[in-house]
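Engineer: The following block contains the structure, expressed as structure tokens.
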Amino acid sequence: MPRTYDQHGIRFMYPDNWEVTDEQSLEPPYSVGLQTPQGGMWVLQVHEQGDPLALASEALQTMRTEYAELEADSITERIEEHDVIGFEMRFYYLDFVVMARVLSLRHRDRTLVLLCQAEDRDYDTLAPIFHAMLVSVLRSDRNPAIPAFNRALDAR
């Protein structure tokens, strides 16, 4: 059964075996982080203002500071009638190859920045759930029951 996170104007559904690991919501930008049982993570920041490309680029530069051999490709997508921009990244951590994405978009007069990452062997399984959680955020003001989210959970 999925759980619902609903704090400070951020609402989304997530798998019940994922753990909320970090909340920074006293003042903008608000953020919430979740960790998967496999060690992957999903972190959403909500900025009151900001250019999506600038914020995604800033996140990429932060990642480059942490991981010197990081490889990145720019991406653009259309999700729930929103233009989404960001970067798909690959880097080594210890003996693992890690896949990550940073996505940014405007939603309800705010800018969302999402970072999700997991080991490459888990990423393909987690990617549909990461996506469904973002869709849940975008649909939260329209429809709290998200069929796509439940389909993503069933597929894992």
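Ligands are numbered from 1 in the order shown, residues from 1 within each chain, and chains are lettered A, B, ... in the order they appear in the structure tokens.
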Excluding Gly40 (chain A) and any residue of its chain fewer than 5 positions from it, enumerate the residues within 10 Å of it, using only C-alpha atoms, and give them as a list in words.

Structural biologist: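 Close residues of Gly40 (chain A): Trp18, Leu34, Gln35, Val98, Met99, Ala100, Cys116, Gln117, Ala118, Glu119, Asp120, Asp122, Tyr123 and Leu126 of chain A.
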
Engineer: Mind writing the picked residues with C-alpha atoms as a PDB file, in the first residue's frame?

Structural biologist:
ATOM      1  CA  TRP A  18      10.846   3.639   1.326  1.00  0.00           C
ATOM      2  CA  LEU A  34      13.536   9.416   0.389  1.00  0.00           C
ATOM      3  CA  GLN A  35      15.734   6.336   0.357  1.00  0.00           C
ATOM      4  CA  VAL A  98      25.683   5.001 -10.284  1.00  0.00           C
ATOM      5  CA  MET A  99      22.977   6.403 -12.552  1.00  0.00           C
ATOM      6  CA  ALA A 100      21.382   9.712 -11.628  1.00  0.00           C
ATOM      7  CA  CYS A 116      17.089  10.618  -8.230  1.00  0.00           C
ATOM      8  CA  GLN A 117      19.892   8.109  -8.270  1.00  0.00           C
ATOM      9  CA  ALA A 118      20.642   4.427  -7.804  1.00  0.00           C
ATOM     10  CA  GLU A 119      23.235   1.850  -8.700  1.00  0.00           C
ATOM     11  CA  ASP A 120      23.010   1.036 -12.387  1.00  0.00           C
ATOM     12  CA  ASP A 122      18.819  -1.136  -9.729  1.00  0.00           C
ATOM     13  CA  TYR A 123      18.140   2.004 -11.752  1.00  0.00           C
ATOM     14  CA  LEU A 126      13.479   2.123  -9.879  1.00  0.00           C
TER      15      LEU A 126
END

Engineer: Quick one: residues within 10 Å of Leu60 (chain A), only C-alpha atoms, excluding same-chain residues fewer than 2 positions away - as a ChimeraX atom specification?

Structural biologist: /A:54-58,62-66,70,72,86-89,101-102,115

Engineer: For the residues in the current selection, export C-alpha atoms as a short mmCIF file (atom, residue, chain, number, x, y, z; two decimals), in the first residue's frame.

Structural biologist:
data_model
loop_
_atom_site.label_atom_id
_atom_site.label_comp_id
_atom_site.auth_asym_id
_atom_site.auth_seq_id
_atom_site.Cartn_x
_atom_site.Cartn_y
_atom_site.Cartn_z
CA ALA A 54 19.91 27.41 -13.97
CA LEU A 55 18.85 25.26 -10.99
CA ALA A 56 19.44 21.99 -12.87
CA SER A 57 22.86 23.27 -13.98
CA GLU A 58 23.70 24.21 -10.41
CA THR A 62 27.46 20.25 -7.35
CA MET A 63 27.55 16.63 -8.53
CA ARG A 64 30.69 17.34 -10.62
CA THR A 65 32.35 18.70 -7.48
CA GLU A 66 31.61 15.45 -5.65
CA LEU A 70 30.99 12.22 -13.77
CA ALA A 72 26.41 13.88 -18.12
CA GLY A 86 17.86 18.36 -16.78
CA PHE A 87 20.76 15.98 -16.97
CA GLU A 88 21.28 12.24 -16.94
CA MET A 89 24.50 11.36 -15.14
CA ARG A 101 19.02 12.27 -13.08
CA VAL A 102 18.38 15.85 -12.15
CA LEU A 115 17.43 14.38 -8.08
#

Engineer: From the DSSP assignment of the backbone, select every residue of region 2-154 of chain A that is strand (DSSP E or B), and format the answer as number ranges by chain.

Structural biologist: A: 3-7, 10-14, 19-24, 30-35, 41-47, 71-79, 82-93, 96-107, 110-119

Engineer: Write the residues you've just listed into a file as a PDB file, in the first residue's frame, and include C-alpha atoms for each of them.

Structural biologist:
ATOM      1  CA  ARG A   3       2.070   6.099   1.543  1.00  0.00           C
ATOM      2  CA  THR A   4       1.392   9.791   1.029  1.00  0.00           C
ATOM      3  CA  TYR A   5       3.778  12.585   1.920  1.00  0.00           C
ATOM      4  CA  ASP A   6       1.927  15.869   2.526  1.00  0.00           C
ATOM      5  CA  GLN A   7       3.939  18.692   4.088  1.00  0.00           C
ATOM      6  CA  ILE A  10       4.501  19.140  -1.238  1.00  0.00           C
ATOM      7  CA  ARG A  11       2.266  16.124  -1.768  1.00  0.00           C
ATOM      8  CA  PHE A  12       3.065  12.819  -3.437  1.00  0.00           C
ATOM      9  CA  MET A  13       2.692   9.082  -3.103  1.00  0.00           C
ATOM     10  CA  TYR A  14       5.639   6.775  -2.464  1.00  0.00           C
ATOM     11  CA  GLU A  19      12.066   5.846   4.153  1.00  0.00           C
ATOM     12  CA  VAL A  20      11.760   9.614   4.409  1.00  0.00           C
ATOM     13  CA  THR A  21      15.349  10.500   5.264  1.00  0.00           C
ATOM     14  CA  ASP A  22      15.557  14.256   5.056  1.00  0.00           C
ATOM     15  CA  GLU A  23      13.130  17.129   5.323  1.00  0.00           C
ATOM     16  CA  GLN A  24      14.111  20.757   5.128  1.00  0.00           C
ATOM     17  CA  TYR A  30      11.622  23.204   0.791  1.00  0.00           C
ATOM     18  CA  SER A  31      12.999  19.713   0.264  1.00  0.00           C
ATOM     19  CA  VAL A  32      12.245  16.129   1.072  1.00  0.00           C
ATOM     20  CA  GLY A  33      14.432  13.086   0.494  1.00  0.00           C
ATOM     21  CA  LEU A  34      13.536   9.416   0.389  1.00  0.00           C
ATOM     22  CA  GLN A  35      15.734   6.336   0.357  1.00  0.00           C
ATOM     23  CA  MET A  41      17.449   8.050  -3.398  1.00  0.00           C
ATOM     24  CA  TRP A  42      14.824  10.531  -4.572  1.00  0.00           C
ATOM     25  CA  VAL A  43      15.164  14.163  -3.446  1.00  0.00           C
ATOM     26  CA  LEU A  44      12.704  16.916  -4.337  1.00  0.00           C
ATOM     27  CA  GLN A  45      13.390  20.618  -3.805  1.00  0.00           C
ATOM     28  CA  VAL A  46      10.663  23.233  -4.189  1.00  0.00           C
ATOM     29  CA  HIS A  47      11.920  26.749  -4.928  1.00  0.00           C
ATOM     30  CA  GLU A  71      29.586  11.950 -17.293  1.00  0.00           C
ATOM     31  CA  ALA A  72      26.413  13.881 -18.124  1.00  0.00           C
ATOM     32  CA  ASP A  73      24.012  14.314 -21.015  1.00  0.00           C
ATOM     33  CA  SER A  74      21.367  17.017 -21.194  1.00  0.00           C
ATOM     34  CA  ILE A  75      17.755  15.871 -21.453  1.00  0.00           C
ATOM     35  CA  THR A  76      14.399  17.449 -22.196  1.00  0.00           C
ATOM     36  CA  GLU A  77      11.056  15.765 -21.631  1.00  0.00           C
ATOM     37  CA  ARG A  78       7.384  16.557 -21.508  1.00  0.00           C
ATOM     38  CA  ILE A  79       5.742  15.239 -18.340  1.00  0.00           C
ATOM     39  CA  HIS A  82       5.252  20.424 -18.212  1.00  0.00           C
ATOM     40  CA  ASP A  83       8.485  21.087 -20.046  1.00  0.00           C
ATOM     41  CA  VAL A  84      11.179  19.324 -18.048  1.00  0.00           C
ATOM     42  CA  ILE A  85      14.900  19.917 -18.475  1.00  0.00           C
ATOM     43  CA  GLY A  86      17.858  18.363 -16.776  1.00  0.00           C
ATOM     44  CA  PHE A  87      20.756  15.977 -16.974  1.00  0.00           C
ATOM     45  CA  GLU A  88      21.278  12.241 -16.943  1.00  0.00           C
ATOM     46  CA  MET A  89      24.505  11.363 -15.143  1.00  0.00           C
ATOM     47  CA  ARG A  90      26.783   8.389 -14.640  1.00  0.00           C
ATOM     48  CA  PHE A  91      29.609   8.169 -12.131  1.00  0.00           C
ATOM     49  CA  TYR A  92      31.599   5.746 -10.024  1.00  0.00           C
ATOM     50  CA  TYR A  93      31.155   5.484  -6.279  1.00  0.00           C
ATOM     51  CA  PHE A  96      29.675   0.809  -8.263  1.00  0.00           C
ATOM     52  CA  VAL A  97      28.427   2.612 -11.332  1.00  0.00           C
ATOM     53  CA  VAL A  98      25.683   5.001 -10.284  1.00  0.00           C
ATOM     54  CA  MET A  99      22.977   6.403 -12.552  1.00  0.00           C
ATOM     55  CA  ALA A 100      21.382   9.712 -11.628  1.00  0.00           C
ATOM     56  CA  ARG A 101      19.019  12.269 -13.083  1.00  0.00           C
ATOM     57  CA  VAL A 102      18.384  15.853 -12.146  1.00  0.00           C
ATOM     58  CA  LEU A 103      15.135  17.237 -13.549  1.00  0.00           C
ATOM     59  CA  SER A 104      13.730  20.735 -13.202  1.00  0.00           C
ATOM     60  CA  LEU A 105      10.442  22.364 -14.187  1.00  0.00           C
ATOM     61  CA  ARG A 106       7.977  25.094 -13.323  1.00  0.00           C
ATOM     62  CA  HIS A 107       4.825  23.940 -11.529  1.00  0.00           C
ATOM     63  CA  ARG A 110       7.264  27.367  -8.265  1.00  0.00           C
ATOM     64  CA  THR A 111      10.330  25.600  -9.603  1.00  0.00           C
ATOM     65  CA  LEU A 112      10.815  21.936  -8.774  1.00  0.00           C
ATOM     66  CA  VAL A 113      14.216  20.273  -8.844  1.00  0.00           C
ATOM     67  CA  LEU A 114      14.323  16.489  -8.568  1.00  0.00           C
ATOM     68  CA  LEU A 115      17.427  14.384  -8.075  1.00  0.00           C
ATOM     69  CA  CYS A 116      17.089  10.618  -8.230  1.00  0.00           C
ATOM     70  CA  GLN A 117      19.892   8.109  -8.270  1.00  0.00           C
ATOM     71  CA  ALA A 118      20.642   4.427  -7.804  1.00  0.00           C
ATOM     72  CA  GLU A 119      23.235   1.850  -8.700  1.00  0.00           C
TER      73      GLU A 119
END

Engineer: As a PyMOL selection string, list the residues of chain A assigned to alpha helix (DSSP H) by DSSP on the backbone atoms of this structure.

Structural biologist: chain A and resi 52-66+120-139+147-155
